[in-house]
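The structure appears right after this line, and notes come after that.
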Amino acid sequence: MAALWGLRMPEVAVGVLVGMTAVTGLIPAGGAPNLKRPRSGLLCRYRIYLYLRMNMCSRSQRSGYLFQPFGAPLLSLRVRTLLVVCLVGILTYTSRHYVIDDALIYFRYMRNALDGLGLVFNPGEHINALTSPLYTYVLLLVSWMVRGDVHLAASLIFAITLMGACVLAERQSSYAGLVIASMGYFYSLVGMETPLLLFLLVLALALLLDDRVNWLPLVLILLLLTRAEAGAMIPACAIYMYRNKRWPSLLSYLPAVAIAVLYLIINHHFYGAYLPTSSTAKLDQARSGYWGRWPTAFLHLRVLWTESKYAPYTMPFLGIAGAVGLYRTRRSMRTVVLLTFAAILICFYVGANIPNYHWYYAPLLFVLALYAVVPFHESRRGEVFLALLIVAQGVTTVIVRRTPEARRGNYQKAAEWLNEHASPSATVETAEIGEIGWASHRKVLDIIGLTEPKNAEHIAHRDVTSWLKEDRPDYVVVHRDPWVFERVAAHSPEYERVPFMSGDVYLLRRKESTGGDTAH
């Protein structure tokens, strides 16, 4: 009979037991360990069903239940998915002008490529400062499809990949996707590869737990090509597969290997190096100690407060509720995988003393969000609290992210001044090259070495003066309180200030510059 209904014997046995308890009440309401007494007998029996079912199925099957609420969520998965799509779409649109400086480095590469100058930052200089190869090629393709509107292409990619990540998060843990979709922190990363990374991360997790491991090599190589440190997911998945004696077939590795080899060949052919210079530049920054002495650079968490100061409850919520959720689901294989990934990632960032750029925390905050909703799954009050949190975060995001970052506005005004007054052949050097490079249409050099490898090496040895003597730029972008890298120019007798000041940003011009002003 069980076979006729498509059921297995453990399910039939559990159904019989639950039916008996519904009639006789033989199993007490608190019979399932670590489960609080529910308010209704029906919910009690559903909890007992889940508890018995989890203990009679395999480990891989059991891990899939531990994030689910005890009782159906108030909103169905379809409704939550629709809300995620609407929320991400609205907040991406309102945040479209809030693009950080590093994203504009990608934008300039795209513009030069679409103009036929090659995938370069400065025409004629084949230097690869593109940290995310996969995102680079996706952005280039979409930018071409939308007729060169790089900003629109970046916004579309951001919205689609963040939607995908949040929808998959909803399948893992009810309301987690909505919490993530409403967080203003993520909308400070429009134009970056971060949502693509999150989408591939949670996709790899879903494939692993659904026992569809033959897709894993392809997804993991794409994850690795999105950000190198995201390769921490590879050993995390390997541990899970080793414990469950389930490995991908040999044929499934072929596409992954082909993609990796093709990328290395193209990279070496066009740039003369297999890996991006920006990766080594970040390691050189770490060695310098200017972002914090080892091993403290990544542990300076004030940057998270800066990005969430208008919603000060978000980070405490993720930290406290996330820790509780992790503890409650500590036996889940999903937790083992994600904690292994997070531990390896943190060890790399802290051990290598990587600077605390705020987008590096995104995978860790994403994982915390998956668990932070778990303590609120047990009651309707918890769901109401999550709803209020989602609304509050969403409203705050609309208010805060609808205008560009103030510092970017200062750089944009500096670039406009350069376009009006500086010769087209002038060179400009700055410690943040994104906005100046995107808006100025001049040759832009990088003081700290993302696009100038020799400067990165100088920074690694705490040499903050050689760049000026070697590069001899026509203009230097300086802050009112000069950064340590800018002081040599600010105090140099060879440079003078020009009549420009915006916020805390001003410009210096080399006195004997041949690329000087064209107008006054």
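In the structure tokens, chains take letters A, B, ... by order of appearance, with residues numbered from 1 within each chain and ligands from 1 in the order shown.
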Inset, instruction - Skip segment 369-385 of chain A itself and residues of its chain fewer than 3 positions away, then list as a PyMOL selection string all residues within 6 Å of it, counting only C-alpha atoms. - result: chain A and resi 69-70+176+318+321-322+325-326+366+388
Kindly export the residues of the current selection with all heavy atoms, as a short mmCIF file (atom, residue, chain, number, x, y, z; two decimals), in the first residue's frame.
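New file again.cif:
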data_model
loop_
_atom_site.label_atom_id
_atom_site.label_comp_id
_atom_site.auth_asym_id
_atom_site.auth_seq_id
_atom_site.Cartn_x
_atom_site.Cartn_y
_atom_site.Cartn_z
N PRO A 69 10.90 26.55 9.78
CA PRO A 69 10.13 26.87 10.98
C PRO A 69 9.26 25.70 11.40
O PRO A 69 8.86 24.89 10.58
CB PRO A 69 9.28 28.05 10.53
CG PRO A 69 9.16 27.90 9.06
CD PRO A 69 10.45 27.28 8.61
N PHE A 70 8.97 25.63 12.71
CA PHE A 70 8.09 24.60 13.23
C PHE A 70 6.66 25.06 13.00
O PHE A 70 6.08 25.79 13.80
CB PHE A 70 8.35 24.36 14.72
CG PHE A 70 9.67 23.72 14.96
CD1 PHE A 70 10.67 24.42 15.60
CD2 PHE A 70 9.92 22.43 14.54
CE1 PHE A 70 11.90 23.82 15.83
CE2 PHE A 70 11.14 21.83 14.76
CZ PHE A 70 12.13 22.54 15.41
N ALA A 176 14.92 34.93 5.60
CA ALA A 176 16.32 35.36 5.52
C ALA A 176 16.54 36.20 4.27
O ALA A 176 17.24 37.22 4.30
CB ALA A 176 17.25 34.15 5.52
N LEU A 318 22.10 40.92 13.63
CA LEU A 318 22.78 39.84 12.94
C LEU A 318 23.73 39.11 13.88
O LEU A 318 23.83 37.88 13.85
CB LEU A 318 23.56 40.37 11.73
CG LEU A 318 22.74 40.90 10.55
CD1 LEU A 318 23.66 41.39 9.45
CD2 LEU A 318 21.80 39.82 10.01
N ALA A 321 21.30 37.46 17.15
CA ALA A 321 20.36 36.45 16.67
C ALA A 321 21.08 35.41 15.82
O ALA A 321 20.72 34.22 15.85
CB ALA A 321 19.24 37.11 15.87
N GLY A 322 22.09 35.82 15.05
CA GLY A 322 22.85 34.87 14.25
C GLY A 322 23.57 33.85 15.11
O GLY A 322 23.61 32.66 14.78
N GLY A 325 20.96 31.41 16.40
CA GLY A 325 20.56 30.50 15.33
C GLY A 325 21.62 29.46 15.02
O GLY A 325 21.31 28.29 14.77
N LEU A 326 22.88 29.88 15.02
CA LEU A 326 23.98 28.93 14.81
C LEU A 326 23.99 27.86 15.89
O LEU A 326 24.19 26.68 15.62
CB LEU A 326 25.31 29.67 14.79
CG LEU A 326 25.69 30.37 13.48
CD1 LEU A 326 26.86 31.31 13.70
CD2 LEU A 326 26.05 29.33 12.43
N PHE A 366 26.03 37.72 5.12
CA PHE A 366 25.02 36.90 4.44
C PHE A 366 24.78 35.60 5.21
O PHE A 366 23.63 35.20 5.42
CB PHE A 366 25.50 36.60 3.02
CG PHE A 366 24.49 35.89 2.17
CD1 PHE A 366 23.54 36.62 1.46
CD2 PHE A 366 24.48 34.51 2.06
CE1 PHE A 366 22.61 35.97 0.64
CE2 PHE A 366 23.55 33.86 1.26
CZ PHE A 366 22.60 34.60 0.55
N LEU A 388 8.62 43.81 10.83
CA LEU A 388 8.93 45.18 11.23
C LEU A 388 10.38 45.52 10.92
O LEU A 388 10.68 46.64 10.46
CB LEU A 388 8.64 45.37 12.72
CG LEU A 388 7.18 45.28 13.14
CD1 LEU A 388 7.05 45.35 14.67
CD2 LEU A 388 6.35 46.39 12.49
#
Legend entry - DSSP-assigned helix (DSSP H, G or I) among segment 136-360 of chain A, expressed as a PyMOL selection string: chain A and resi 136-145+150-172+176-182+184-189+194-209+213-226+228-244+250-271+277-288+297-299+302-308+314-328+333-351+358-360
Per residue of segment 92-151 of chain A within 12 Å of segment 340-357 of chain A, what are the shortest atom pair and its distance in Å to one decimal, counting only C-alpha atoms, with rows by chain and residue number, as a tab-separated table?
residue	atom	partner	partner_atom	distance
A:Ile100	CA	A:Tyr357	CA	11.3
A:Asp101	CA	A:Tyr357	CA	11.7
A:Asp102	CA	A:Tyr357	CA	10.2
Legend entry - Shell around segment 208-213 of chain A at 10 Å using only C-alpha atoms, local window under 3 positions removed, as an NGL selection string: :A and (60-64 or 202-205 or 216-219 or 237-238 or 240-241 or 244 or 246-249 or 252 or 333-334 or 337)
Legend entry - Exercise: segment 154-171 of chain A partners within 7 Å, only C-alpha atoms, chain neighbours under 2 positions left out, as a list in words: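 The residues satisfying every condition are Thr81, Val84, Val85, Val88, Gly89, Thr92, Arg96, Leu139, Val150, His151, Leu152, Ser173, Ser174, Tyr175, Ala176, Gly177, Leu178, Ile180, Ala181, Val190, Gly191, Pro195, Leu196, Leu198, Phe199, Val202 and Leu370 of chain A.
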Inset, instruction - Kindly give the distance, in Å, that separates atom CA of Glu452 of chain A and atom CA of Ser278 of chain A, rounded to a single decimal. - result: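 Separation between atom CA of Glu452 of chain A and atom CA of Ser278 of chain A: 9.2 Å.
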Legend entry - Test item: residues at most 12 Å from Lys413 of chain A, only C-alpha atoms, excluding those fewer than 3 positions along its chain, as a ChimeraX atom specification: /A:406-410,416-420,435-436,439-440,477,500-507
Inset, instruction - One decimal, Å: what's the distance from atom CA of Tyr135 of chain A over to atom CA of Thr226 of chain A, could you say? - result: 6.1 Å
Inset, instruction - One decimal, Å: what's the distance from atom CA of Glu496 of chain A over to atom CA of Ser423 of chain A, could you say? - result: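 Spanning atom CA of Glu496 of chain A to atom CA of Ser423 of chain A is a straight-line distance of 16.8 Å.
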Inset, instruction - Counting only C-alpha atoms, figure out which residue out of A:Pro316, A:Gly118, A:Pro295, A:Pro235 gets nearest to Leu338 of chain A. - result: A:Pro235
